[in-house]
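S.K.: The following file, coords23.cif, comprises mmCIF, C-alpha atoms:
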```cif
data_query
loop_
_atom_site.group_PDB
_atom_site.id
_atom_site.type_symbol
_atom_site.label_atom_id
_atom_site.label_comp_id
_atom_site.auth_asym_id
_atom_site.auth_seq_id
_atom_site.Cartn_x
_atom_site.Cartn_y
_atom_site.Cartn_z
ATOM 1 C CA MET A 1 -14.143 -22.980 5.345
ATOM 2 C CA THR A 2 -10.406 -22.936 5.947
ATOM 3 C CA SER A 3 -7.703 -23.125 3.358
ATOM 4 C CA ILE A 4 -4.177 -24.307 3.795
ATOM 5 C CA VAL A 5 -1.439 -22.186 2.304
ATOM 6 C CA LYS A 6 1.924 -23.786 1.689
ATOM 7 C CA ILE A 7 4.907 -21.497 1.415
ATOM 8 C CA PRO A 8 7.971 -23.141 -0.139
ATOM 9 C CA GLN A 9 11.086 -22.473 1.937
ATOM 10 C CA GLY A 10 8.807 -20.784 4.506
ATOM 11 C CA ASP A 11 11.180 -21.656 7.342
ATOM 12 C CA ASP A 12 14.242 -20.149 5.648
ATOM 13 C CA THR A 13 15.737 -17.060 7.259
ATOM 14 C CA MET A 14 16.532 -13.677 5.801
ATOM 15 C CA LYS A 15 18.046 -10.488 7.152
ATOM 16 C CA VAL A 16 16.398 -7.081 6.960
ATOM 17 C CA GLU A 17 17.957 -3.956 8.422
ATOM 18 C CA LEU A 18 15.470 -1.859 10.408
ATOM 19 C CA THR A 19 15.880 1.060 12.763
ATOM 20 C CA ILE A 20 14.884 0.676 16.419
ATOM 21 C CA LYS A 21 11.884 2.937 15.778
ATOM 22 C CA GLU A 22 10.782 0.745 12.840
ATOM 23 C CA VAL A 23 10.952 -2.392 14.977
ATOM 24 C CA MET A 24 8.981 -0.650 17.723
ATOM 25 C CA ALA A 25 6.339 0.459 15.203
ATOM 26 C CA LEU A 26 5.972 -3.097 13.863
ATOM 27 C CA ALA A 27 5.676 -4.337 17.456
ATOM 28 C CA GLY A 28 2.638 -2.113 17.916
ATOM 29 C CA ILE A 29 4.003 1.048 19.476
ATOM 30 C CA LYS A 30 2.199 4.058 18.022
ATOM 31 C CA PHE A 31 4.103 7.071 16.754
ATOM 32 C CA HIS A 32 2.609 10.461 15.919
ATOM 33 C CA ASN A 33 4.199 10.182 12.496
ATOM 34 C CA ASN A 34 2.919 6.983 10.843
ATOM 35 C CA ASN A 35 5.795 7.117 8.325
ATOM 36 C CA VAL A 36 7.913 4.965 10.653
ATOM 37 C CA GLU A 37 5.610 1.948 10.311
ATOM 38 C CA VAL A 38 5.151 2.550 6.591
ATOM 39 C CA SER A 39 8.930 2.661 6.116
ATOM 40 C CA ALA A 40 9.416 -0.604 8.013
ATOM 41 C CA LYS A 41 6.702 -2.412 6.056
ATOM 42 C CA LYS A 42 8.168 -1.130 2.795
ATOM 43 C CA LYS A 43 11.604 -2.496 3.738
ATOM 44 C CA LEU A 44 10.095 -5.892 4.567
ATOM 45 C CA GLN A 45 8.143 -6.000 1.312
ATOM 46 C CA GLU A 46 11.220 -5.034 -0.719
ATOM 47 C CA ALA A 47 13.253 -7.762 0.992
ATOM 48 C CA LEU A 48 10.580 -10.358 0.193
ATOM 49 C CA ASP A 49 10.353 -9.143 -3.397
ATOM 50 C CA ALA A 50 14.105 -9.391 -3.823
ATOM 51 C CA GLN A 51 14.347 -12.818 -2.179
ATOM 52 C CA TYR A 52 11.465 -14.469 -3.997
ATOM 53 C CA HIS A 53 11.019 -12.249 -7.069
ATOM 54 C CA ILE A 54 7.413 -11.483 -6.149
ATOM 55 C CA GLU A 55 5.579 -9.223 -8.545
ATOM 56 C CA GLU A 56 2.854 -6.932 -7.305
ATOM 57 C CA SER A 57 -0.557 -8.259 -8.258
ATOM 58 C CA ARG A 58 -2.724 -5.796 -10.081
ATOM 59 C CA PRO A 59 -6.502 -5.986 -10.429
ATOM 60 C CA LEU A 60 -7.808 -6.840 -13.860
ATOM 61 C CA ASN A 61 -9.800 -4.046 -15.481
#
```
Mind converting the file's structure to structure tokens?
M.R.:
Amino acid sequence: MTSIVKIPQGDDTMKVELTIKEVMALAGIKFHNNNVEVSAKKKLQEALDAQYHIEESRPLN
């Protein structure tokens, strides 16, 4: 079964500042220190959160 997800303003653009190493890590280049990829993903998540006011979902206990 497939579901369709609609993202309002999904084609809008945004700017995120990344280092060359962060871009390379997101492109799939492996670094000995995995902190580069983690840092890049964190920056992207923070930019999305700021742009769309996304709150982290937490599991119900």
S.K.: Which residue out of A:Pro8, A:Thr2, A:Leu18, A:Val23 has the minimum interatomic distance to Lys43 of chain A when only C-alpha atoms are used?
M.R.: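 Smallest separation from Lys43 of chain A among the options: A:Leu18.
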S.K.: What residues come out when you apply the PyMOL selection byres ((chain A and resi 17) around 12) to this file, written as a compact mmCIF listing (two decimals) with C-alpha atoms, keeping the file's coordinate frame?
M.R.:
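Final output, saved to part07.txt:
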```txt
# COMPACT_ATOMS: atom_id res chain seq x y z
CA MET A 14 16.53 -13.68 5.80
CA LYS A 15 18.05 -10.49 7.15
CA VAL A 16 16.40 -7.08 6.96
CA LEU A 18 15.47 -1.86 10.41
CA THR A 19 15.88 1.06 12.76
CA ILE A 20 14.88 0.68 16.42
CA LYS A 21 11.88 2.94 15.78
CA GLU A 22 10.78 0.74 12.84
CA VAL A 23 10.95 -2.39 14.98
CA SER A 39 8.93 2.66 6.12
CA ALA A 40 9.42 -0.60 8.01
CA LYS A 41 6.70 -2.41 6.06
CA LYS A 42 8.17 -1.13 2.80
CA LYS A 43 11.60 -2.50 3.74
CA LEU A 44 10.10 -5.89 4.57
CA GLU A 46 11.22 -5.03 -0.72
CA ALA A 47 13.25 -7.76 0.99
```
S.K.: So the first atom is atom CA of Gln45 of chain A and the second is atom CA of His32 of chain A; what is the distance between them in Å, to one decimal place?
M.R.: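 Here the two named atoms are 22.7 Å from each other.
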S.K.: Draw an axis-aligned box tight on the listed atoms of segment 37-40 of chain A, then pad every side by 3 Å and write out centre and edge lengths in Å to one decimal as lines of an AutoDock Vina configuration file.
M.R.:
```
center_x = 7.3
center_y = 1.0
center_z = 8.2
size_x = 10.3
size_y = 9.3
size_z = 10.2
```
S.K.: Between atom CA of Thr13 of chain A and atom CA of Tyr52 of chain A, what is the distance in Å, rounded to a tenth?
M.R.: 12.3 Å
S.K.: Just how far from atom CA of Gln51 of chain A is atom CA of Asn35 of chain A, in Å to one decimal?
M.R.: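 We find that atom CA of Asn35 of chain A and atom CA of Gln51 of chain A lie 24.1 Å from each other.
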S.K.: Pop segment 4-15 of chain A out of the structure in the block and write N, CA and C atoms as a short mmCIF file (atom, residue, chain, number, x, y, z; two decimals), in the first residue's frame.
M.R.:
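Okay, selection36.cif is ready:
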```
data_model
loop_
_atom_site.label_atom_id
_atom_site.label_comp_id
_atom_site.auth_asym_id
_atom_site.auth_seq_id
_atom_site.Cartn_x
_atom_site.Cartn_y
_atom_site.Cartn_z
N ILE A 4 0.20 8.88 -0.13
CA ILE A 4 0.65 10.13 -0.74
C ILE A 4 0.78 11.17 0.36
N VAL A 5 1.94 11.78 0.42
CA VAL A 5 2.18 12.83 1.40
C VAL A 5 2.23 14.15 0.67
N LYS A 6 1.43 15.09 1.12
CA LYS A 6 1.44 16.43 0.53
C LYS A 6 2.14 17.38 1.49
N ILE A 7 3.10 18.09 0.97
CA ILE A 7 3.85 19.04 1.78
C ILE A 7 3.53 20.44 1.28
N PRO A 8 2.79 21.22 2.08
CA PRO A 8 2.48 22.59 1.65
C PRO A 8 3.76 23.38 1.45
N GLN A 9 3.81 24.17 0.43
CA GLN A 9 4.97 24.97 0.06
C GLN A 9 6.22 24.10 -0.11
N GLY A 10 6.05 22.85 -0.52
CA GLY A 10 7.16 21.92 -0.68
C GLY A 10 8.16 22.31 -1.75
N ASP A 11 7.77 23.19 -2.66
CA ASP A 11 8.69 23.62 -3.72
C ASP A 11 9.34 24.96 -3.41
N ASP A 12 9.05 25.52 -2.24
CA ASP A 12 9.70 26.76 -1.83
C ASP A 12 11.19 26.50 -1.60
N THR A 13 11.98 27.54 -1.63
CA THR A 13 13.42 27.38 -1.40
C THR A 13 13.80 27.97 -0.05
N MET A 14 14.90 27.48 0.47
CA MET A 14 15.46 28.03 1.70
C MET A 14 16.96 27.93 1.62
N LYS A 15 17.65 28.73 2.39
CA LYS A 15 19.11 28.71 2.39
C LYS A 15 19.61 28.17 3.72
#
```
